$ cat upload_32.txt   # compact mmCIF, N, CA and C atoms and all ligand atoms
# COMPACT_ATOMS: atom_id res chain seq x y z
N MET Y 100 61.23 138.58 148.40
CA MET Y 100 60.20 138.27 147.40
C MET Y 100 59.83 136.79 147.46
N ALA Y 101 58.65 136.52 146.98
CA ALA Y 101 58.15 135.15 146.99
C ALA Y 101 57.82 134.70 145.57
N ALA Y 102 57.65 133.39 145.43
CA ALA Y 102 57.25 132.84 144.14
C ALA Y 102 55.84 133.32 143.79
N LYS Y 103 55.62 133.46 142.47
CA LYS Y 103 54.30 133.88 142.02
C LYS Y 103 53.76 132.89 141.01
N ASN Y 104 52.44 132.73 141.01
CA ASN Y 104 51.78 131.83 140.07
C ASN Y 104 51.06 132.64 139.01
N ASN Y 105 51.24 132.23 137.75
CA ASN Y 105 50.53 132.86 136.64
C ASN Y 105 49.25 132.07 136.39
N PHE Y 106 48.14 132.61 136.81
CA PHE Y 106 46.87 131.86 136.73
C PHE Y 106 46.42 131.62 135.29
N GLU Y 107 46.95 132.41 134.36
CA GLU Y 107 46.57 132.20 132.96
C GLU Y 107 47.25 130.97 132.36
N LYS Y 108 48.38 130.57 132.94
CA LYS Y 108 49.09 129.39 132.45
C LYS Y 108 48.78 128.15 133.27
N CYS Y 109 48.51 128.33 134.55
CA CYS Y 109 48.38 127.21 135.48
C CYS Y 109 47.27 126.24 135.10
N LEU Y 110 47.59 124.94 135.18
CA LEU Y 110 46.62 123.88 134.87
C LEU Y 110 46.00 123.32 136.14
N TYR Y 111 46.42 123.82 137.28
CA TYR Y 111 45.92 123.34 138.58
C TYR Y 111 46.10 121.84 138.74
N CYS Y 112 47.24 121.36 138.27
CA CYS Y 112 47.52 119.92 138.34
C CYS Y 112 47.94 119.51 139.75
N GLY Y 113 48.38 120.46 140.54
CA GLY Y 113 48.79 120.16 141.91
C GLY Y 113 50.22 119.70 142.05
N GLY Y 114 50.94 119.61 140.95
CA GLY Y 114 52.31 119.11 140.98
C GLY Y 114 53.24 119.90 141.87
N CYS Y 115 53.06 121.17 141.90
CA CYS Y 115 53.98 122.01 142.67
C CYS Y 115 53.68 121.99 144.17
N VAL Y 116 52.44 121.67 144.51
CA VAL Y 116 52.03 121.73 145.92
C VAL Y 116 52.89 120.81 146.79
N GLY Y 117 53.11 119.58 146.30
CA GLY Y 117 53.84 118.58 147.09
C GLY Y 117 55.34 118.80 147.17
N VAL Y 118 55.90 119.57 146.26
CA VAL Y 118 57.36 119.75 146.29
C VAL Y 118 57.82 120.93 147.14
N CYS Y 119 56.91 121.75 147.53
CA CYS Y 119 57.30 122.91 148.34
C CYS Y 119 57.75 122.46 149.73
N PRO Y 120 59.01 122.76 150.08
CA PRO Y 120 59.55 122.28 151.36
C PRO Y 120 58.94 122.97 152.58
N VAL Y 121 58.28 124.08 152.36
CA VAL Y 121 57.71 124.81 153.51
C VAL Y 121 56.18 124.90 153.45
N GLN Y 122 55.59 124.08 152.59
CA GLN Y 122 54.11 124.05 152.44
C GLN Y 122 53.51 125.44 152.24
N ALA Y 123 54.12 126.19 151.33
CA ALA Y 123 53.64 127.55 151.08
C ALA Y 123 52.53 127.59 150.03
N ILE Y 124 52.34 126.46 149.31
CA ILE Y 124 51.38 126.46 148.19
C ILE Y 124 50.09 125.76 148.56
N THR Y 125 49.01 126.45 148.34
CA THR Y 125 47.69 125.89 148.58
C THR Y 125 46.90 125.89 147.29
N LEU Y 126 46.32 124.74 146.96
CA LEU Y 126 45.50 124.65 145.76
C LEU Y 126 44.06 124.35 146.16
N LYS Y 127 43.19 125.27 145.78
CA LYS Y 127 41.79 125.09 146.11
C LYS Y 127 40.98 125.35 144.86
N ASP Y 128 40.37 124.30 144.33
CA ASP Y 128 39.65 124.39 143.06
C ASP Y 128 40.54 125.01 141.99
N THR Y 129 40.19 126.15 141.48
CA THR Y 129 41.04 126.78 140.48
C THR Y 129 41.71 128.04 141.03
N ARG Y 130 42.15 127.91 142.26
CA ARG Y 130 42.93 129.01 142.85
C ARG Y 130 44.18 128.44 143.47
N LEU Y 131 45.31 128.89 142.99
CA LEU Y 131 46.57 128.46 143.55
C LEU Y 131 47.18 129.64 144.30
N ILE Y 132 47.36 129.45 145.58
CA ILE Y 132 47.85 130.55 146.40
C ILE Y 132 49.22 130.22 146.96
N ILE Y 133 50.16 131.12 146.76
CA ILE Y 133 51.49 130.98 147.34
C ILE Y 133 51.61 132.00 148.47
N ASP Y 134 51.84 131.49 149.65
CA ASP Y 134 51.93 132.37 150.82
C ASP Y 134 53.31 133.03 150.85
N PRO Y 135 53.35 134.33 150.61
CA PRO Y 135 54.65 135.03 150.56
C PRO Y 135 55.37 135.04 151.89
N LYS Y 136 54.65 134.81 152.98
CA LYS Y 136 55.29 134.80 154.30
C LYS Y 136 56.04 133.49 154.54
N LYS Y 137 55.58 132.42 153.86
CA LYS Y 137 56.22 131.11 154.04
C LYS Y 137 57.29 130.83 153.00
N CYS Y 138 57.07 131.32 151.79
CA CYS Y 138 57.96 131.00 150.65
C CYS Y 138 59.40 131.42 150.91
N ILE Y 139 60.34 130.49 150.61
CA ILE Y 139 61.76 130.79 150.80
C ILE Y 139 62.50 130.90 149.47
N ASN Y 140 61.73 131.03 148.37
CA ASN Y 140 62.32 131.24 147.04
C ASN Y 140 63.25 130.11 146.59
N CYS Y 141 62.93 128.88 146.94
CA CYS Y 141 63.85 127.79 146.62
C CYS Y 141 63.79 127.39 145.14
N GLY Y 142 62.69 127.69 144.48
CA GLY Y 142 62.57 127.40 143.05
C GLY Y 142 62.05 126.02 142.71
N ALA Y 143 61.75 125.20 143.71
CA ALA Y 143 61.28 123.84 143.45
C ALA Y 143 59.96 123.83 142.67
N CYS Y 144 59.07 124.75 143.00
CA CYS Y 144 57.77 124.80 142.31
C CYS Y 144 57.91 125.29 140.88
N VAL Y 145 58.99 126.00 140.61
CA VAL Y 145 59.25 126.49 139.25
C VAL Y 145 59.75 125.32 138.39
N SER Y 146 60.70 124.55 138.93
CA SER Y 146 61.29 123.43 138.19
C SER Y 146 60.27 122.35 137.86
N ILE Y 147 59.36 122.09 138.77
CA ILE Y 147 58.43 120.98 138.58
C ILE Y 147 57.28 121.32 137.65
N CYS Y 148 56.98 122.56 137.47
CA CYS Y 148 55.78 122.94 136.71
C CYS Y 148 55.93 122.62 135.22
N PRO Y 149 54.99 121.85 134.65
CA PRO Y 149 55.09 121.45 133.25
C PRO Y 149 54.82 122.59 132.27
N VAL Y 150 54.20 123.65 132.74
CA VAL Y 150 53.87 124.74 131.82
C VAL Y 150 54.53 126.09 132.19
N GLY Y 151 55.44 126.03 133.12
CA GLY Y 151 56.15 127.26 133.50
C GLY Y 151 55.26 128.33 134.10
N ALA Y 152 54.31 127.90 134.91
CA ALA Y 152 53.36 128.88 135.46
C ALA Y 152 53.88 129.58 136.72
N ASN Y 153 54.86 128.99 137.36
CA ASN Y 153 55.39 129.62 138.57
C ASN Y 153 56.69 130.34 138.27
N LYS Y 154 56.87 131.42 138.97
CA LYS Y 154 58.05 132.24 138.75
C LYS Y 154 58.58 132.69 140.10
N VAL Y 155 59.91 132.63 140.24
CA VAL Y 155 60.52 133.14 141.46
C VAL Y 155 61.02 134.53 141.17
N GLU Y 156 60.66 135.47 142.02
CA GLU Y 156 61.09 136.84 141.81
C GLU Y 156 62.13 137.23 142.83
N LYS Y 157 63.16 137.85 142.34
CA LYS Y 157 64.25 138.25 143.24
C LYS Y 157 64.06 139.70 143.66
S1 LIG Y 201 59.78 128.84 145.64
FE1 LIG Y 201 60.06 127.06 147.00
S2 LIG Y 201 59.32 127.79 148.99
FE2 LIG Y 201 58.48 129.18 147.45
S3 LIG Y 201 56.47 128.36 146.94
FE3 LIG Y 201 57.96 127.52 145.45
S4 LIG Y 201 58.57 125.54 146.30
FE4 LIG Y 201 57.62 126.73 147.96
S1 LIG Y 202 52.74 122.53 138.77
FE1 LIG Y 202 52.31 124.32 137.46
S2 LIG Y 202 50.39 123.84 136.38
FE2 LIG Y 202 50.57 122.44 138.14
S3 LIG Y 202 49.45 123.47 139.82
FE3 LIG Y 202 51.61 124.04 140.00
S4 LIG Y 202 51.80 126.00 138.87
FE4 LIG Y 202 49.88 125.02 138.22
$ encode --input "upload_32.txt" --output "structure tokens"
Amino acid sequence: MAAKNNFEKCLYCGGCVGVCPVQAITLKDTRLIIDPKKCINCGACVSICPVGANKVEK
């Protein structure tokens, strides 16, 4: 499983994009895409998010 973004909570601040160790997160305008093929479920994007918009699913 890969991390998921809740678009209803996300502020598109870009904070999580830079912390992903495998560059799985792409932010384009108001679309945040997490590539499930790249994501290694490390949880870094979850910890950094100020509004809890990202979730790691096991
Ligand atoms: S869980 Fe880790 S690898 Fe997956 S998108 Fe978030 S920061 Fe990147
Ligand atoms: S850190 Fe949180 S609010 Fe900011 S872009 Fe990432 S998921 Fe959205």
$ closest_residue --input "upload_32.txt" --among "Y:Glu156, Y:Cys112, Y:Gly117, Y:Glu107" --to "Cys144 of chain Y" --atoms "only C-alpha atoms"
Y:Gly117
$ closest_residue --input "upload_32.txt" --among "Y:Leu110, Y:Val116, Y:Ile124, Y:Val150" --to "Cys138 of chain Y" --atoms "all atoms listed in the file"
Y:Ile124
$ select_by_dssp --input "upload_32.txt" --residues "chain Y" --states "alpha helix (DSSP H)" --output "list in words"
Ala143, Cys144, Val145, Ser146 and Ile147 of chain Y
$ closest_residue --input "upload_32.txt" --among "Y:Ser146, Y:Lys137, Y:Lys108, Y:Lys157" --to "Gln122 of chain Y" --atoms "all atoms listed in the file"
Y:Lys137
$ residues_near_ligand --input "upload_32.txt" --ligand "ligand LIG 201 (chain Y)" --cutoff "8 Å" --atoms "all atoms listed in the file" --output "PyMOL selection string"
chain Y and resi 100-103+115-125+132-135+137-146+153-156
$ axis_aligned_box --input "upload_32.txt" --around "ligand LIG 202 (chain Y)" --padding-each-side "3 Å" --output "AutoDock Vina command-line options"
--center_x 51.1 --center_y 124.2 --center_z 138.2 --size_x 9.3 --size_y 9.6 --size_z 9.6
$ atom_distance --input "upload_32.txt" --atom1 "atom C of Pro149 of chain Y" --atom2 "atom N of Lys136 of chain Y"
24.0 Å
$ atom_distance --input "upload_32.txt" --atom1 "atom N of Lys127 of chain Y" --atom2 "atom N of Ile147 of chain Y"
17.9 Å
$ atom_distance --input "upload_32.txt" --atom1 "atom N of Leu126 of chain Y" --atom2 "atom CA of Phe106 of chain Y"
12.5 Å
$ select_by_dssp --input "upload_32.txt" --residues "chain Y" --states "strand (DSSP E)" --output "list in words"
Ala102, Lys103, Asn104, Ile124, Thr125, Leu126, Lys127, Arg130, Leu131, Ile132, Ile133, Asn153, Lys154 and Val155 of chain Y
$ decode --input "upload_32.txt" --residues "segment 101-155 of chain Y" --atoms "C-alpha atoms" --output "PDB file, in the first residue's frame"
ATOM      1  CA  ALA Y 101       1.002   3.583  -0.548  1.00  0.00           C
ATOM      2  CA  ALA Y 102       0.375   6.877   1.199  1.00  0.00           C
ATOM      3  CA  LYS Y 103      -2.824   8.664   0.298  1.00  0.00           C
ATOM      4  CA  ASN Y 104      -3.699  12.352   0.230  1.00  0.00           C
ATOM      5  CA  ASN Y 105      -7.044  13.676   1.415  1.00  0.00           C
ATOM      6  CA  PHE Y 106      -7.786  16.463  -1.041  1.00  0.00           C
ATOM      7  CA  GLU Y 107     -10.507  17.877   1.194  1.00  0.00           C
ATOM      8  CA  LYS Y 108      -7.950  18.637   3.917  1.00  0.00           C
ATOM      9  CA  CYS Y 109      -4.870  19.422   1.829  1.00  0.00           C
ATOM     10  CA  LEU Y 110      -3.737  23.063   1.667  1.00  0.00           C
ATOM     11  CA  TYR Y 111      -1.323  22.390  -1.207  1.00  0.00           C
ATOM     12  CA  CYS Y 112       1.438  24.019   0.799  1.00  0.00           C
ATOM     13  CA  GLY Y 113       4.039  21.717  -0.740  1.00  0.00           C
ATOM     14  CA  GLY Y 114       5.558  20.815   2.614  1.00  0.00           C
ATOM     15  CA  CYS Y 115       5.357  17.101   2.078  1.00  0.00           C
ATOM     16  CA  VAL Y 116       6.813  17.153  -1.433  1.00  0.00           C
ATOM     17  CA  GLY Y 117      10.369  17.909  -0.271  1.00  0.00           C
ATOM     18  CA  VAL Y 118      10.493  15.360   2.537  1.00  0.00           C
ATOM     19  CA  CYS Y 119       9.660  12.320   0.464  1.00  0.00           C
ATOM     20  CA  PRO Y 120      12.885  10.292   0.175  1.00  0.00           C
ATOM     21  CA  VAL Y 121      11.817   8.697  -3.094  1.00  0.00           C
ATOM     22  CA  GLN Y 122      10.210  11.728  -4.795  1.00  0.00           C
ATOM     23  CA  ALA Y 123       6.839  10.027  -4.941  1.00  0.00           C
ATOM     24  CA  ILE Y 124       4.838  13.236  -4.390  1.00  0.00           C
ATOM     25  CA  THR Y 125       3.992  15.625  -7.171  1.00  0.00           C
ATOM     26  CA  LEU Y 126       2.162  18.883  -6.584  1.00  0.00           C
ATOM     27  CA  LYS Y 127       0.607  20.561  -9.563  1.00  0.00           C
ATOM     28  CA  ASP Y 128      -1.704  23.495  -8.899  1.00  0.00           C
ATOM     29  CA  THR Y 129      -4.370  21.991  -6.670  1.00  0.00           C
ATOM     30  CA  ARG Y 130      -3.603  18.382  -7.367  1.00  0.00           C
ATOM     31  CA  LEU Y 131      -1.339  16.396  -5.125  1.00  0.00           C
ATOM     32  CA  ILE Y 132      -0.430  13.045  -6.551  1.00  0.00           C
ATOM     33  CA  ILE Y 133       1.339  10.269  -4.674  1.00  0.00           C
ATOM     34  CA  ASP Y 134       2.785   7.655  -6.974  1.00  0.00           C
ATOM     35  CA  PRO Y 135       1.931   4.287  -5.409  1.00  0.00           C
ATOM     36  CA  LYS Y 136       4.696   2.610  -7.404  1.00  0.00           C
ATOM     37  CA  LYS Y 137       7.363   4.819  -5.812  1.00  0.00           C
ATOM     38  CA  CYS Y 138       5.990   5.229  -2.275  1.00  0.00           C
ATOM     39  CA  ILE Y 139       7.746   3.139   0.373  1.00  0.00           C
ATOM     40  CA  ASN Y 140       5.303   3.971   3.198  1.00  0.00           C
ATOM     41  CA  CYS Y 141       7.945   5.731   5.286  1.00  0.00           C
ATOM     42  CA  GLY Y 142       5.438   8.147   6.840  1.00  0.00           C
ATOM     43  CA  ALA Y 143       7.547  11.287   6.388  1.00  0.00           C
ATOM     44  CA  CYS Y 144       4.786  13.061   4.444  1.00  0.00           C
ATOM     45  CA  VAL Y 145       2.326  12.203   7.213  1.00  0.00           C
ATOM     46  CA  SER Y 146       4.509  13.642  10.001  1.00  0.00           C
ATOM     47  CA  ILE Y 147       5.247  16.889   8.209  1.00  0.00           C
ATOM     48  CA  CYS Y 148       1.698  17.742   7.165  1.00  0.00           C
ATOM     49  CA  PRO Y 149       0.232  20.567   9.292  1.00  0.00           C
ATOM     50  CA  VAL Y 150      -3.347  19.471   8.705  1.00  0.00           C
ATOM     51  CA  GLY Y 151      -3.047  15.693   8.688  1.00  0.00           C
ATOM     52  CA  ALA Y 152      -4.004  15.364   5.051  1.00  0.00           C
ATOM     53  CA  ASN Y 153      -1.727  12.447   4.259  1.00  0.00           C
ATOM     54  CA  LYS Y 154      -2.295   8.966   5.495  1.00  0.00           C
ATOM     55  CA  VAL Y 155      -0.199   5.835   5.268  1.00  0.00           C
TER      56      VAL Y 155
END
